[in-house]
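Below is one structure; the comments refer to it alone.
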Amino acid sequence: MWIFLARFILRNRAALLVVLLLATGFMAWQAAQVRMSYDGNRLIPENDPDLKVYQDFQRTFGIDGNVMVVGVQTNDLFEIEFFNEWVKVTERVKQLPLTANAISIGNIPYLQKNEIARKFEFLPVVSHLPQNQDDINEVRNQLLNNRLYAGVLLNAETNTTLMAVTFDANVLNTEDRIEAVRSVTRIMDAFAVQNDVQVHYSGLPYIRTVFSTKVADELKLFSVLAVLVTAVVLFLFFRSFYAVVFPVLVVIIGAVWAMGLIHLFGFKITILSGLIPALIVVIGVPNCVYLLNKYHDEYRKHSNKVKALSRIVERIGIATLITNTTTAIGFGVFALTDSVILKEFGIVVATSIMLVFVASIILIPAVFAYLPSPERQQLRHLDNVRVAGLVSMLERIITHHRNAIYAVVVLLSLVAGLGASQLKALSYIVDDLPHKDKVYTDLRFFEEHFTGVMPFEILIDTGRRGGAQSASQLAKAEEVQRLFSDRAEFAQPLSVVQLVKGANQAYFGGDSSFFRLPNSQERNFVLPYLLRTRGEGSNKALNALTDSARQVIRISLNMADVGTLEMRRIFDEVKPEVAKVMEGTNNQVQYTGTSLIFLKGNTYLINSLVSSLGLAFALISIIMALLFRSWKVIVISIVPNLFPLLVTAGVMGYLGVALKPSTVLIFSIAFGIAIDDSIHFLTKYRQELMRHSWDIPKTVVVALRETGPSMIYTSIILFFGFIIFGASSFGGTVALGLMTSGTLLVAMLSNLLLLPALILSFDRRDKIRQQKLESTQAHG
């Protein structure tokens, strides 16, 4: 088959190159149409019960993660000049075409008792711009006295206030979100300069916009860096213009095809798929290195270019196909998960890897058939003294010091195992950003002054229409919300309970001591006022805090970005207390919100990655069994590639690097790539075994000498290819790059030392067993 394929490629090289060119042009057209994804809830499978609760919540109350917050801290907050400017800028932000609303202390409504109409009215705290400091002081006193908004928009102790800017769903889930957020920041940045104050931004719309913008920028950056780094390393190895240009051309074609596939499959760019072009560039290069090394080696033997090009397809075509298949499996197993974002990532990467194999197996022989034969200086890399010396040293270690190899592996495994036992699965909403990044520091600003800005929702279903207005149910809801709001991680709630308490305060002349649920006597006075209260403000408030049947009570809180472990601990502590409150009722309590769904999505993603890694092990083992038909080969090939993963897990444990989606991805990527070296070595070993009359020690040395340099070259290229991710703005991507680079270096040493050592040890054990058998038969 491979002989036929080699002849077919060389005879039809012109037509095949034209087909490649046309296919790349089509994929480039597709890639030009790819768009960013702005949907933040694609980590969890559609049938997940928590996601269904969240979707039901959205259908009833609308989206919750639609608030961008703008904060300032200044001693001039209630000085007339600054306060009036704050009122004006709030109105300007509110009038922006992509903004749904903007609320601050400059336009916040409050409940006012209308004794003539015997109802409550929602009136603005600031009905007109204050004219003097007395007006400002009156507004300040009213804000401080109104406990409905205590700690929500104003922290009087630290002279800090915030503006809550809301956007509609049709803005947040499209590219318009970027302009919507930027239009707010432009106005507020100008306000900051004009008033000599620092402005802070946060909220999920802002965080997600920054994330998606960074992803788009880094996609371009890493694609360019990957190509440049690859080109430089290839030139250092081969010292040949052709050996740089055409491998780079292959991986550029692969990257273009990968981007085209994203659009062709109907996908969009996410934080994961933004890594794909650079990954394809890095992963695709080893194909070209092995092909070029074999071409140069064959040409040096007989100086026949056509024969040499034919041999690279015949001799290592199968090994290259298998290595690409195993690498594709390492990513392709993600497609078997229920996570949409992970499924898309796996499908695109796995398909792209196989397409890069096709491009390389066609383009390298076809193009080099047109180029002049290699000159002597272009073959010098085959006699690289340093590489040859390193391979010779490895030969001596494998031949004479196998026990030392095993001792080092066992010792490192024990140390690494201890470190791996310290690994924890922990993720935050913004933990991928450096702690000096403005998004991170601004989030901590809001957590310091307002506890947090991450939305958290509690839904209490009373089980009957109008139940949300029942005094007993309101009392139960108040107990539940107090269990959360009394904790340091949660801000003050917004709920129908707070609204009724505010109404009670308003009825009794704004006396803050009456900010509580009305007692049985007070209800006779307050409830008639509430029932008569109609209008835009009251309807909006009630619709936002209860469903249309007034059956469900919504308690809306903001919380700090506490991470998955702390969130789990909070739930373990609070849920039993909530159950006690609800004893004797038919109420159902549900917890949801963007924060909860996001953190659960990360947890689900980690679990999916771990299970996918196990599946990849199994599938690759099956391929090895089918290829070599020996359980020994499975052990010999898998063990040297599990060892680097254990070392990496140990290093992560000792350094305190948490398991999160970006770091768990390290193991799948590294295993899928590292196993390639084992396959190349074992394939060459099997090919040479018959030529050397089943002399295993000699065959191992021959296989090491031929594949060793290519393994070293490709590992170094992969090392520098992944190290570029260290320039990322995302901590997870930095960890992915650094840890994967280190893992692949350890994998290289493992495949150059442990793999041959295991082959020789198995051979020695078989010989001893055979000698004992022959001795027994002789004495019998």
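So you can find residues: chains in the structure tokens are A, B, ... in the order shown, residues in each start at 1, and ligands are numbered from 1 in order.
Selecting strand (DSSP E) from the backbone DSSP output for segment 9-98 of chain A yields Val67, Met68, Val69, Val70, Gly71, Val72 and Gln73 of chain A.
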Using only C-alpha atoms, please write the residues we just selected to a file, as a PDB file, in the first residue's frame.
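Written file, part-v7.pdb:
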ATOM      1  CA  VAL A  67     -24.854  43.922  34.893  1.00  0.00           C
ATOM      2  CA  MET A  68     -21.593  45.786  34.425  1.00  0.00           C
ATOM      3  CA  VAL A  69     -20.536  47.775  37.464  1.00  0.00           C
ATOM      4  CA  VAL A  70     -18.544  51.000  37.494  1.00  0.00           C
ATOM      5  CA  GLY A  71     -17.068  52.105  40.813  1.00  0.00           C
ATOM      6  CA  VAL A  72     -15.282  55.120  42.220  1.00  0.00           C
ATOM      7  CA  GLN A  73     -13.825  55.956  45.618  1.00  0.00           C
TER       8      GLN A  73
END
Do you have, as JSON lines, the list of residues of segment 667-712 of chain A lying at most 10 Å from segment 745-761 of chain A, each with its nearest atom pair and that distance in Å to one decimal, counting only C-alpha atoms and ordered by chain then number?
{"residue": "A:Ala670", "atom": "CA", "partner": "A:Ala747", "partner_atom": "CA", "distance": 8.4}
{"residue": "A:Phe671", "atom": "CA", "partner": "A:Ala747", "partner_atom": "CA", "distance": 8.7}
{"residue": "A:Ile673", "atom": "CA", "partner": "A:Ala747", "partner_atom": "CA", "distance": 9.3}
{"residue": "A:Ala674", "atom": "CA", "partner": "A:Ala747", "partner_atom": "CA", "distance": 5.9}
{"residue": "A:Ile675", "atom": "CA", "partner": "A:Ala747", "partner_atom": "CA", "distance": 8.5}
{"residue": "A:Asp676", "atom": "CA", "partner": "A:Asn751", "partner_atom": "CA", "distance": 9.7}
{"residue": "A:Asp677", "atom": "CA", "partner": "A:Asn751", "partner_atom": "CA", "distance": 6.6}
{"residue": "A:Ser678", "atom": "CA", "partner": "A:Asn751", "partner_atom": "CA", "distance": 6.1}
{"residue": "A:Ile679", "atom": "CA", "partner": "A:Asn751", "partner_atom": "CA", "distance": 9.8}
{"residue": "A:Phe681", "atom": "CA", "partner": "A:Asn751", "partner_atom": "CA", "distance": 8.3}
{"residue": "A:Leu682", "atom": "CA", "partner": "A:Leu755", "partner_atom": "CA", "distance": 9.1}
{"residue": "A:Tyr685", "atom": "CA", "partner": "A:Pro756", "partner_atom": "CA", "distance": 9.7}
{"residue": "A:Ile696", "atom": "CA", "partner": "A:Leu760", "partner_atom": "CA", "distance": 7.2}
{"residue": "A:Pro697", "atom": "CA", "partner": "A:Leu760", "partner_atom": "CA", "distance": 6.4}
{"residue": "A:Val700", "atom": "CA", "partner": "A:Pro756", "partner_atom": "CA", "distance": 6.4}
{"residue": "A:Val701", "atom": "CA", "partner": "A:Pro756", "partner_atom": "CA", "distance": 8.5}
{"residue": "A:Ala703", "atom": "CA", "partner": "A:Pro756", "partner_atom": "CA", "distance": 9.2}
{"residue": "A:Leu704", "atom": "CA", "partner": "A:Leu752", "partner_atom": "CA", "distance": 7.4}
{"residue": "A:Thr707", "atom": "CA", "partner": "A:Leu752", "partner_atom": "CA", "distance": 9.4}
{"residue": "A:Gly708", "atom": "CA", "partner": "A:Leu752", "partner_atom": "CA", "distance": 6.9}
{"residue": "A:Met711", "atom": "CA", "partner": "A:Met748", "partner_atom": "CA", "distance": 6.9}
{"residue": "A:Ile712", "atom": "CA", "partner": "A:Met748", "partner_atom": "CA", "distance": 7.0}
Leaving out Gln378 of chain A and any residue of its chain fewer than 4 positions from it, which residues lie within 7 Å of it when counting only C-alpha atoms, given as a short mmCIF file (atom, residue, chain, number, x, y, z; two decimals) with all heavy atoms, in the first residue's frame?
data_model
loop_
_atom_site.label_atom_id
_atom_site.label_comp_id
_atom_site.auth_asym_id
_atom_site.auth_seq_id
_atom_site.Cartn_x
_atom_site.Cartn_y
_atom_site.Cartn_z
N PHE A 238 18.52 22.25 10.53
CA PHE A 238 18.80 21.80 9.16
C PHE A 238 19.72 22.73 8.38
O PHE A 238 20.31 22.30 7.38
CB PHE A 238 17.47 21.66 8.40
CG PHE A 238 16.62 20.53 8.89
CD1 PHE A 238 15.49 20.77 9.66
CD2 PHE A 238 16.94 19.21 8.59
CE1 PHE A 238 14.70 19.73 10.11
CE2 PHE A 238 16.15 18.16 9.04
CZ PHE A 238 15.02 18.42 9.81
N ARG A 239 19.83 23.99 8.79
CA ARG A 239 20.68 24.96 8.08
C ARG A 239 20.35 25.00 6.60
O ARG A 239 21.24 25.08 5.74
CB ARG A 239 22.16 24.61 8.26
CG ARG A 239 22.62 24.53 9.69
CD ARG A 239 22.75 25.89 10.32
NE ARG A 239 23.16 25.81 11.71
CZ ARG A 239 23.45 26.86 12.47
NH1 ARG A 239 23.36 28.08 11.94
NH2 ARG A 239 23.81 26.71 13.71
N SER A 240 19.05 24.91 6.28
CA SER A 240 18.62 24.88 4.89
C SER A 240 17.37 25.71 4.72
O SER A 240 16.43 25.59 5.51
CB SER A 240 18.35 23.43 4.46
OG SER A 240 17.66 23.39 3.22
N PRO A 374 19.63 17.40 -2.44
CA PRO A 374 20.31 18.04 -1.29
C PRO A 374 21.82 18.11 -1.51
O PRO A 374 22.44 17.17 -2.02
CB PRO A 374 19.98 17.10 -0.12
CG PRO A 374 18.80 16.32 -0.56
CD PRO A 374 18.91 16.19 -2.05
#
> In Å, how far is it from atom CA of Ala216 of chain A to atom CA of Gly332 of chain A?
Replying inline: 23.7 Å
> Excluding same-chain residues fewer than 4 positions from Val289 of chain A, what lies within 9 Å of it counting only C-alpha atoms, as a count of residues only?
Replying inline: 9
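Non-sequential neighbours of Glu447 of chain A (distance at most 12 Å, separation of 6 or more positions within a chain, only C-alpha atoms) are A:Val69, A:Gly71, A:Gly151, A:Val152, A:Asn155, A:Thr160, A:His200, A:Tyr201, A:Ser202, A:Gly203, A:Tyr440, A:Thr441, A:Val453, A:Met454, A:Ala488, A:Glu489, A:Phe490, A:Ala491, A:Asn558, A:Met559, A:Ala560, A:Asp561, A:Val562.
Nearest to Leu530 of chain A of all the residues A:Asn304, A:Gln112, A:Asn107, A:Thr270 is A:Gln112, based on only C-alpha atoms.
The spacing separating atom CA of Ser741 of chain A from atom CA of Val340 of chain A amounts to 27.5 Å.
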Write out as a short mmCIF file (atom, residue, chain, number, x, y, z; two decimals) with C-alpha atoms, in the first residue's frame each polymer residue whose atoms come within 12 Å of Val415 of chain A, counting only C-alpha atoms; drop sequence neighbours fewer than 6 positions from it.
data_model
loop_
_atom_site.label_atom_id
_atom_site.label_comp_id
_atom_site.auth_asym_id
_atom_site.auth_seq_id
_atom_site.Cartn_x
_atom_site.Cartn_y
_atom_site.Cartn_z
CA VAL A 408 15.87 6.89 39.13
CA VAL A 409 12.41 6.32 37.60
CA SER A 421 -1.40 13.68 46.15
CA GLN A 422 -1.44 17.39 47.01
CA PHE A 643 5.96 8.53 33.86
CA LEU A 646 3.23 11.61 36.92
CA VAL A 647 6.29 13.89 37.17
CA THR A 648 4.24 16.84 35.91
CA ALA A 649 1.44 16.09 38.38
CA GLY A 650 4.02 16.01 41.17
CA VAL A 651 5.57 19.33 40.13
CA GLY A 653 1.30 19.59 43.43
CA TYR A 654 4.52 20.95 44.95
#
>> Quick check for you: according to DSSP on this backbone, which residues of segment 499-677 of chain A are classed as alpha helix (DSSP H)? Reply as a PyMOL selection string.
In response: chain A and resi 499-507+520-532+536-545+563-581+594-628+631-655+661-677
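When the distance limit is 7 Å and only C-alpha atoms are what count, the residues near Leu545 of chain A, minus those fewer than 3 positions from it on the same chain, are A:Ser495, A:Val496, A:Ala541, A:Leu542, A:Ile553, A:Arg554.
What separates atom CA of Tyr370 of chain A from atom CA of Ile9 of chain A is a distance of 12.5 Å.
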